[in-house]
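Below: structure-v5.txt (compact mmCIF, C-alpha atoms (C1' of nucleotides) and all ligand atoms)
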# COMPACT_ATOMS: atom_id res chain seq x y z
CA MET S 1 165.76 75.98 145.20
CA HIS S 2 164.65 78.79 147.43
CA LYS S 3 161.83 81.17 146.76
CA GLU S 4 162.76 84.79 146.17
CA HIS S 5 161.16 87.33 148.41
CA THR S 6 161.05 90.99 147.54
CA LEU S 7 162.15 92.75 150.66
CA THR S 8 160.32 95.81 151.86
CA LYS S 9 162.16 99.01 152.55
CA ASN S 10 162.84 98.34 156.22
CA GLN S 11 163.70 94.72 155.60
CA GLN S 12 166.15 95.69 152.87
CA ILE S 13 167.85 98.35 154.97
CA ILE S 14 168.31 95.97 157.86
CA PHE S 15 169.33 93.04 155.71
CA ASP S 16 171.96 95.13 153.92
CA LEU S 17 173.38 96.23 157.24
CA ILE S 18 173.65 92.70 158.61
CA ASP S 19 174.88 91.32 155.32
CA LYS S 20 177.82 93.66 155.14
CA SER S 21 178.69 93.40 158.81
CA PRO S 22 181.78 91.28 159.46
CA GLU S 23 180.27 90.06 162.69
CA PRO S 24 176.82 89.17 164.01
CA MET S 25 174.73 92.18 164.95
CA LYS S 26 172.48 92.66 167.93
CA ALA S 27 169.06 94.20 167.60
CA TYR S 28 169.75 97.44 169.40
CA SER S 29 173.03 97.92 167.62
CA ILE S 30 171.09 97.57 164.39
CA LEU S 31 168.55 100.06 165.68
CA PHE S 32 171.28 102.56 166.41
CA SER S 33 172.81 102.10 162.96
CA VAL S 34 169.58 102.59 161.03
CA GLN S 35 168.20 105.54 162.90
CA LYS S 36 169.66 107.88 160.32
CA LYS S 37 167.54 106.05 157.75
CA GLY S 38 164.32 106.76 159.62
CA ILE S 39 163.91 103.53 161.53
CA LYS S 40 163.36 104.84 165.01
CA ALA S 41 161.74 102.15 167.13
CA PRO S 42 162.81 98.70 168.35
CA LEU S 43 159.67 97.17 166.96
CA GLN S 44 160.52 98.23 163.45
CA VAL S 45 163.81 96.39 163.80
CA TYR S 46 162.35 93.30 165.41
CA ARG S 47 159.63 93.03 162.79
CA ALA S 48 162.15 93.11 159.99
CA LEU S 49 164.39 90.65 161.81
CA ASP S 50 161.50 88.24 162.35
CA LYS S 51 160.63 88.31 158.69
CA LEU S 52 164.22 87.94 157.54
CA VAL S 53 164.68 84.96 159.83
CA GLU S 54 161.41 83.47 158.62
CA ILE S 55 162.44 83.61 154.98
CA GLY S 56 165.94 82.41 155.73
CA LYS S 57 167.91 85.53 154.75
CA ILE S 58 169.40 85.76 158.22
CA HIS S 59 169.80 83.49 161.21
CA LYS S 60 169.62 84.18 164.90
CA ILE S 61 172.52 82.99 167.02
CA GLU S 62 170.48 81.98 170.04
CA SER S 63 173.29 81.88 172.56
CA ARG S 64 174.31 85.41 171.64
CA ASN S 65 171.04 87.12 170.76
CA ALA S 66 172.62 88.21 167.52
CA PHE S 67 171.89 87.95 163.83
CA ILE S 68 173.99 87.02 160.81
CA ALA S 69 173.23 86.87 157.11
CA CYS S 70 172.93 83.44 155.58
CA HIS S 71 175.52 82.54 152.99
CA ASN S 72 174.42 78.97 152.58
CA SER S 73 171.66 78.59 150.03
CA SER S 74 170.80 75.07 151.19
CA CYS S 75 169.55 76.10 154.61
CA GLN S 76 167.11 78.79 153.55
CA VAL S 77 164.17 76.48 153.42
CA SER S 78 164.94 74.02 156.14
CA LYS S 79 165.81 76.08 159.20
CA ALA S 80 168.43 73.48 159.87
CA THR S 81 171.42 75.49 160.93
CA ALA S 82 174.85 74.99 162.43
CA PHE S 83 177.43 77.48 163.60
CA SER S 84 180.85 77.58 165.13
CA ILE S 85 181.46 80.19 167.78
CA CYS S 86 184.85 81.28 169.04
CA GLU S 87 184.70 81.71 172.79
CA ILE S 88 187.47 84.27 172.78
CA CYS S 89 186.95 86.61 169.84
CA GLU S 90 183.27 85.74 169.27
CA LYS S 91 183.86 85.08 165.60
CA ILE S 92 180.88 83.15 164.31
CA THR S 93 180.77 81.08 161.15
CA GLU S 94 177.89 79.24 159.59
CA ILE S 95 178.78 75.62 158.95
CA SER S 96 177.55 74.10 155.74
CA SER S 97 178.49 70.48 155.78
CA ALA S 98 176.47 68.02 153.75
CA SER S 99 177.44 65.14 155.98
CA LEU S 100 176.51 67.01 159.15
CA SER S 101 173.15 68.10 157.85
CA LYS S 102 172.47 64.65 156.52
CA TYR S 103 173.38 63.06 159.83
CA LEU S 104 171.17 65.44 161.80
CA ALA S 105 168.24 65.23 159.41
CA ASN S 106 168.35 61.45 159.69
CA PHE S 107 168.93 61.32 163.42
CA LYS S 108 166.21 59.42 165.27
CA ASP S 109 165.60 59.96 168.96
CA LYS S 110 164.72 57.11 171.28
CA ASP S 111 161.07 57.29 170.17
CA GLY S 112 162.13 56.95 166.55
CA MET S 113 161.31 60.59 165.94
CA LYS S 114 163.12 62.53 163.21
CA TYR S 115 163.50 66.30 163.08
CA SER S 116 163.69 68.52 160.06
CA LYS S 117 164.48 71.64 162.06
CA TYR S 118 167.41 72.10 164.35
CA ASN S 119 169.95 74.59 165.50
CA LEU S 120 173.45 73.55 166.44
CA GLU S 121 176.03 75.82 167.99
CA PHE S 122 179.58 74.58 168.39
CA PHE S 123 181.87 76.37 170.84
CA GLY S 124 185.64 76.44 170.73
CA LEU S 125 188.56 78.54 169.64
CA CYS S 126 188.96 79.80 166.11
CA LYS S 127 192.15 79.45 164.12
CA LYS S 128 193.41 82.85 165.15
CA CYS S 129 192.74 82.39 168.85
CA ARG S 130 194.39 79.02 169.23
CA MET B 1 182.77 60.43 186.67
CA HIS B 2 181.61 63.87 187.69
CA LYS B 3 182.79 65.82 190.66
CA GLU B 4 180.30 66.48 193.37
CA HIS B 5 179.70 70.06 194.32
CA THR B 6 178.16 71.03 197.59
CA LEU B 7 175.47 73.46 196.70
CA THR B 8 174.99 76.59 198.73
CA LYS B 9 171.61 77.43 200.20
CA ASN B 10 170.41 79.53 197.29
CA GLN B 11 171.78 77.11 194.73
CA GLN B 12 170.07 74.18 196.46
CA ILE B 13 166.72 75.94 196.71
CA ILE B 14 166.79 76.86 193.05
CA PHE B 15 168.10 73.52 191.88
CA ASP B 16 165.39 71.66 193.82
CA LEU B 17 162.73 73.84 192.25
CA ILE B 18 163.99 73.26 188.70
CA ASP B 19 164.64 69.60 189.34
CA LYS B 20 161.10 68.87 190.40
CA SER B 21 159.50 71.04 187.73
CA PRO B 22 157.94 69.00 184.92
CA GLU B 23 158.87 71.70 182.45
CA PRO B 24 161.74 74.13 181.91
CA MET B 25 161.59 77.17 184.15
CA LYS B 26 162.34 80.77 183.33
CA ALA B 27 164.38 82.96 185.61
CA TYR B 28 161.62 85.30 186.74
CA SER B 29 159.22 82.43 187.29
CA ILE B 30 161.88 80.90 189.51
CA LEU B 31 162.26 84.22 191.29
CA PHE B 32 158.54 84.37 191.97
CA SER B 33 158.53 80.80 193.30
CA VAL B 34 161.40 81.27 195.71
CA GLN B 35 160.44 84.62 197.16
CA LYS B 36 158.77 82.88 200.07
CA LYS B 37 162.15 81.35 200.85
CA GLY B 38 163.84 84.72 201.10
CA ILE B 39 165.33 85.02 197.64
CA LYS B 40 164.10 88.43 196.61
CA ALA B 41 166.23 89.76 193.77
CA PRO B 42 166.87 88.68 190.18
CA LEU B 43 170.60 88.64 190.76
CA GLN B 44 170.32 86.04 193.46
CA VAL B 45 168.53 83.83 190.97
CA TYR B 46 170.89 84.50 188.08
CA ARG B 47 173.94 83.88 190.21
CA ALA B 48 172.64 80.50 191.30
CA LEU B 49 171.61 79.67 187.74
CA ASP B 50 175.04 80.60 186.39
CA LYS B 51 176.76 78.36 188.91
CA LEU B 52 174.36 75.46 188.36
CA VAL B 53 174.90 75.69 184.62
CA GLU B 54 178.66 75.89 185.12
CA ILE B 55 178.79 72.69 187.17
CA GLY B 56 176.36 70.92 184.87
CA LYS B 57 173.44 70.45 187.25
CA ILE B 58 171.13 72.33 184.93
CA HIS B 59 171.14 73.40 181.29
CA LYS B 60 169.89 76.54 179.62
CA ILE B 61 167.59 76.08 176.67
CA GLU B 62 168.91 78.98 174.64
CA SER B 63 166.01 79.34 172.25
CA ARG B 64 163.58 79.55 175.16
CA ASN B 65 165.59 81.34 177.86
CA ALA B 66 164.64 78.56 180.20
CA PHE B 67 166.40 76.09 182.44
CA ILE B 68 166.04 72.36 183.05
CA ALA B 69 167.76 69.94 185.38
CA CYS B 70 170.22 67.54 183.82
CA HIS B 71 169.34 63.89 184.03
CA ASN B 72 172.20 62.70 181.93
CA SER B 73 175.33 62.10 183.94
CA SER B 74 177.51 61.94 180.86
CA CYS B 75 177.05 65.59 179.89
CA GLN B 76 177.88 67.18 183.21
CA VAL B 77 181.49 67.67 182.40
CA SER B 78 181.43 68.24 178.71
CA LYS B 79 178.79 70.90 178.12
CA ALA B 80 177.84 68.98 175.05
CA THR B 81 174.09 69.01 175.08
CA ALA B 82 171.17 68.12 172.84
CA PHE B 83 167.46 68.68 173.29
CA SER B 84 164.22 68.05 171.48
CA ILE B 85 161.64 70.79 171.66
CA CYS B 86 157.98 70.39 170.76
CA GLU B 87 156.84 73.43 168.85
CA ILE B 88 153.25 73.01 170.00
CA CYS B 89 153.28 72.06 173.67
CA GLU B 90 156.86 73.22 174.36
CA LYS B 91 157.75 69.90 175.95
CA ILE B 92 161.53 69.72 176.12
CA THR B 93 163.58 66.58 176.54
CA GLU B 94 167.30 66.18 176.90
CA ILE B 95 168.64 63.74 174.35
CA SER B 96 171.33 61.36 175.50
CA SER B 97 172.46 59.41 172.52
CA ALA B 98 175.92 57.96 172.48
CA SER B 99 176.03 57.90 168.70
CA LEU B 100 174.93 61.53 168.42
CA SER B 101 177.42 62.77 170.96
CA LYS B 102 180.14 60.69 169.38
CA TYR B 103 179.32 62.04 165.95
CA LEU B 104 179.33 65.65 167.14
CA ALA B 105 182.45 65.31 169.23
CA ASN B 106 184.26 63.91 166.22
CA PHE B 107 182.85 66.36 163.70
CA LYS B 108 185.50 68.36 161.92
CA ASP B 109 184.71 71.65 160.25
CA LYS B 110 186.27 72.67 156.96
CA ASP B 111 189.40 73.85 158.78
CA GLY B 112 189.74 70.45 160.42
CA MET B 113 188.67 71.92 163.74
CA LYS B 114 186.93 69.73 166.33
CA TYR B 115 184.68 70.98 169.12
CA SER B 116 184.20 69.54 172.57
CA LYS B 117 181.39 71.90 173.45
CA TYR B 118 178.14 72.28 171.60
CA ASN B 119 174.46 72.82 172.05
CA LEU B 120 171.94 71.26 169.72
CA GLU B 121 168.24 71.99 169.75
CA PHE B 122 165.91 69.92 167.61
CA PHE B 123 162.47 71.27 166.82
CA GLY B 124 159.43 69.23 165.90
CA LEU B 125 156.28 67.75 167.36
CA CYS B 126 156.28 65.44 170.32
CA LYS B 127 154.44 62.12 170.38
CA LYS B 128 151.34 63.64 171.96
CA CYS B 129 151.11 66.55 169.54
CA ARG B 130 151.42 64.56 166.33
C1' DA U 1 137.75 100.28 138.92
C1' DT U 2 136.23 98.68 143.56
C1' DT U 3 136.42 96.04 147.23
C1' DT U 4 138.65 93.13 150.21
C1' DA U 5 142.30 90.82 152.67
C1' DA U 6 146.93 90.58 154.01
C1' DA U 7 151.12 92.59 155.09
C1' DT U 8 153.76 96.40 156.51
C1' DT U 9 154.51 100.64 158.87
C1' DG U 10 154.74 104.14 162.65
C1' DT U 11 154.16 105.10 167.39
C1' DT U 12 153.90 104.89 172.47
C1' DA U 13 154.22 102.22 176.19
C1' DT U 14 155.58 98.25 178.70
C1' DA U 15 157.21 93.50 179.60
C1' DA U 16 160.83 90.19 180.09
C1' DT U 17 165.58 89.03 180.51
C1' DA U 18 170.04 90.04 182.43
C1' DT U 19 174.05 92.63 184.53
C1' DA U 20 176.84 96.53 187.15
C1' DA U 21 178.42 98.15 191.35
C1' DC U 22 179.12 98.01 196.10
C1' DA U 23 179.10 96.48 200.89
C1' DC U 24 179.18 92.63 203.68
C1' DC U 25 179.87 87.80 205.30
C1' DA U 26 181.57 82.93 205.42
C1' DT U 27 185.17 79.71 204.75
C1' DG U 28 189.53 77.98 203.97
C1' DT U 29 194.50 78.54 204.29
C1' DA U 30 199.25 80.53 204.66
C1' DT H 1 196.32 86.87 212.17
C1' DA H 2 196.08 88.20 207.51
C1' DC H 3 194.69 87.09 203.14
C1' DA H 4 192.17 85.14 199.24
C1' DT H 5 188.07 83.21 197.40
C1' DG H 6 183.46 82.72 196.80
C1' DG H 7 178.81 83.59 198.20
C1' DT H 8 175.16 86.90 199.73
C1' DG H 9 172.01 90.99 199.88
C1' DT H 10 170.73 95.20 197.87
C1' DT H 11 169.73 99.01 194.70
C1' DA H 12 169.90 100.51 190.37
C1' DT H 13 170.27 99.96 185.55
C1' DA H 14 171.09 97.77 181.02
C1' DT H 15 169.54 94.83 177.40
C1' DT H 16 166.27 92.23 174.83
C1' DA H 17 161.64 91.83 173.22
C1' DT H 18 156.50 92.39 172.78
C1' DA H 19 151.52 94.54 173.38
C1' DA H 20 148.23 97.48 171.53
C1' DC H 21 146.39 100.53 168.23
C1' DA H 22 145.93 103.36 164.08
C1' DA H 23 147.31 104.27 159.51
C1' DT H 24 149.18 102.91 155.04
C1' DT H 25 150.65 100.06 151.30
C1' DT H 26 150.27 96.01 148.42
C1' DA H 27 148.29 92.51 145.91
C1' DA H 28 144.75 89.92 144.59
C1' DA H 29 139.55 89.00 143.76
C1' DT H 30 135.49 90.54 142.15
ZN ZN N 201 172.20 79.74 156.48
ZN ZN N 202 188.74 83.61 167.91
ZN ZN N 203 172.53 67.07 180.70
ZN ZN N 204 153.98 68.48 172.11
Could I get this file's structure written as structure tokens?
Ligand SMILES: [Zn+2]
Ligand SMILES: [Zn+2]
Ligand SMILES: [Zn+2]
Ligand SMILES: [Zn+2]
Amino acid sequence: MHKEHTLTKNQQIIFDLIDKSPEPMKAYSILFSVQKKGIKAPLQVYRALDKLVEIGKIHKIESRNAFIACHNSSCQVSKATAFSICEICEKITEISSASLSKYLANFKDKDGMKYSKYNLEFFGLCKKCR
Amino acid sequence: MHKEHTLTKNQQIIFDLIDKSPEPMKAYSILFSVQKKGIKAPLQVYRALDKLVEIGKIHKIESRNAFIACHNSSCQVSKATAFSICEICEKITEISSASLSKYLANFKDKDGMKYSKYNLEFFGLCKKCR
DNA sequence: ATTTAAATTGTTATAATATAACACCATGTA
DNA sequence: TACATGGTGTTATATTATAACAATTTAAAT
């Protein structure tokens, strides 16, 4: 389904960090964490992040300026993403619902336009915080 | 349906500017525009923006860090918003579709959780750019 | 093998976006 | 009056992100 990309050194270091983080990571927190591995400048982080987003290995949570690893193989190509965000503990989960993605992919606006790319962020309280 | 708020001077100046702008405005572009009216500091702008977002008079386009006036009376309370964004000309339109908002308000995640707040951004090409 | 193009890296500097902290003022209300 | 709430003005600072340039690596294309 989705093309494999061989990650470069910086990309791999940063992906591994995000992938094993239990919560979304912000760019400068990533920078701080990888400085011991020789990545010293913001640009090195942002370049890796851009590439990882582009190839679908991570997603950016726009409302939080944070990044999480993708665990949903079906969204790697489409850039059609949905998340739930807890407004108390900031727990963020990627939603992979076939019916949701089908509904959104087929949604037509008032001009009859359909969209293959979208980003949806739901806000509420997670199980633990309710 | 939605409560009226009396805007303060700064809020009114900034709302009027955004409301009559044909495109979303960014905070520092707003700041530049209102300096002749005595609003000199970023914080004055951000405070007005925060309040205007809170009461639903404007929305923030998260992926663009920009603000547009709301022209959809039904979303002022709910903070349940949807936009279409043209990836070429950056034209942004608020979508007010009863079926979409109904679908999203009734969507249940895998834990059976429903969300009253959400933000959806569709990306594609507008009529003119196709 | 040699050349070429594309992608990635390293680096310094700077731009763009957003908030902290504090003093003061206006308005409503107990 | 006294008090609470919210808005304002101001300076300083934090956070997020990109520009510009040179060097290096990688992967074809000849
Ligand atoms: Zn994903
Ligand atoms: Zn929570
Ligand atoms: Zn609206
Ligand atoms: Zn367009």
### Message
Contacts from chain H to chain S, 10 Å maximum, all atoms listed in the file: show me the residue list as a ChimeraX atom specification.
### Response
/H:15-18
Compile a residue-level contact table for chain B against ligand ZN 204 (chain N) at a cut-off of 10 Å, reporting for every qualifying residue the shortest atom pair and its distance in Å to one decimal, with all atoms listed in the file counted, rows ordered by chain and ascending number, as a Markdown table.
| residue | atom | partner | partner_atom | distance |
| --- | --- | --- | --- | --- |
| B:Ile85 | CA | N:ZN204 | ZN | 8.0 |
| B:Cys86 | CA | N:ZN204 | ZN | 4.6 |
| B:Glu87 | CA | N:ZN204 | ZN | 6.6 |
| B:Ile88 | CA | N:ZN204 | ZN | 5.1 |
| B:Cys89 | CA | N:ZN204 | ZN | 4.0 |
| B:Glu90 | CA | N:ZN204 | ZN | 6.0 |
| B:Lys91 | CA | N:ZN204 | ZN | 5.6 |
| B:Ile92 | CA | N:ZN204 | ZN | 8.6 |
| B:Gly124 | CA | N:ZN204 | ZN | 8.3 |
| B:Leu125 | CA | N:ZN204 | ZN | 5.3 |
| B:Cys126 | CA | N:ZN204 | ZN | 4.2 |
| B:Lys127 | CA | N:ZN204 | ZN | 6.6 |
| B:Lys128 | CA | N:ZN204 | ZN | 5.5 |
| B:Cys129 | CA | N:ZN204 | ZN | 4.3 |
| B:Arg130 | CA | N:ZN204 | ZN | 7.4 |
Mind listing as a PDB file with C-alpha atoms, in the coordinates of the input which residues of chain S are within 9 Å of chain U, counting all atoms listed in the file?
ATOM      1  CA  THR S   8     160.320  95.810 151.860  1.00  0.00           C
ATOM      2  CA  LYS S  40     163.360 104.840 165.010  1.00  0.00           C
ATOM      3  CA  ALA S  41     161.740 102.150 167.130  1.00  0.00           C
ATOM      4  CA  GLN S  44     160.520  98.230 163.450  1.00  0.00           C
TER       5      GLN S  44
END
### Task
Using only C-alpha atoms (C1' of nucleotides) and all ligand atoms, find each protein or nucleic acid residue lying at most 7 Å from ligand ZN 203 (chain N); present the set as a VMD selection string.
chain B and resid 56 58 to 59 70 to 73 75 to 76 81 94
Dump of C-alpha atoms for the selected residues, as a PDB file, in the frame of the given file:
ATOM      1  CA  GLY B  56     176.360  70.920 184.870  1.00  0.00           C
ATOM      2  CA  ILE B  58     171.130  72.330 184.930  1.00  0.00           C
ATOM      3  CA  HIS B  59     171.140  73.400 181.290  1.00  0.00           C
ATOM      4  CA  CYS B  70     170.220  67.540 183.820  1.00  0.00           C
ATOM      5  CA  HIS B  71     169.340  63.890 184.030  1.00  0.00           C
ATOM      6  CA  ASN B  72     172.200  62.700 181.930  1.00  0.00           C
ATOM      7  CA  SER B  73     175.330  62.100 183.940  1.00  0.00           C
ATOM      8  CA  CYS B  75     177.050  65.590 179.890  1.00  0.00           C
ATOM      9  CA  GLN B  76     177.880  67.180 183.210  1.00  0.00           C
ATOM     10  CA  THR B  81     174.090  69.010 175.080  1.00  0.00           C
ATOM     11  CA  GLU B  94     167.300  66.180 176.900  1.00  0.00           C
TER      12      GLU B  94
END
### Query
Taking only C-alpha atoms into account, which residues of chain S are within 10 Å of chain B, as an MDAnalysis selection string?
chainID S and resid 60:65 79:85 95:97 99:100 103:105 107:111 113:127
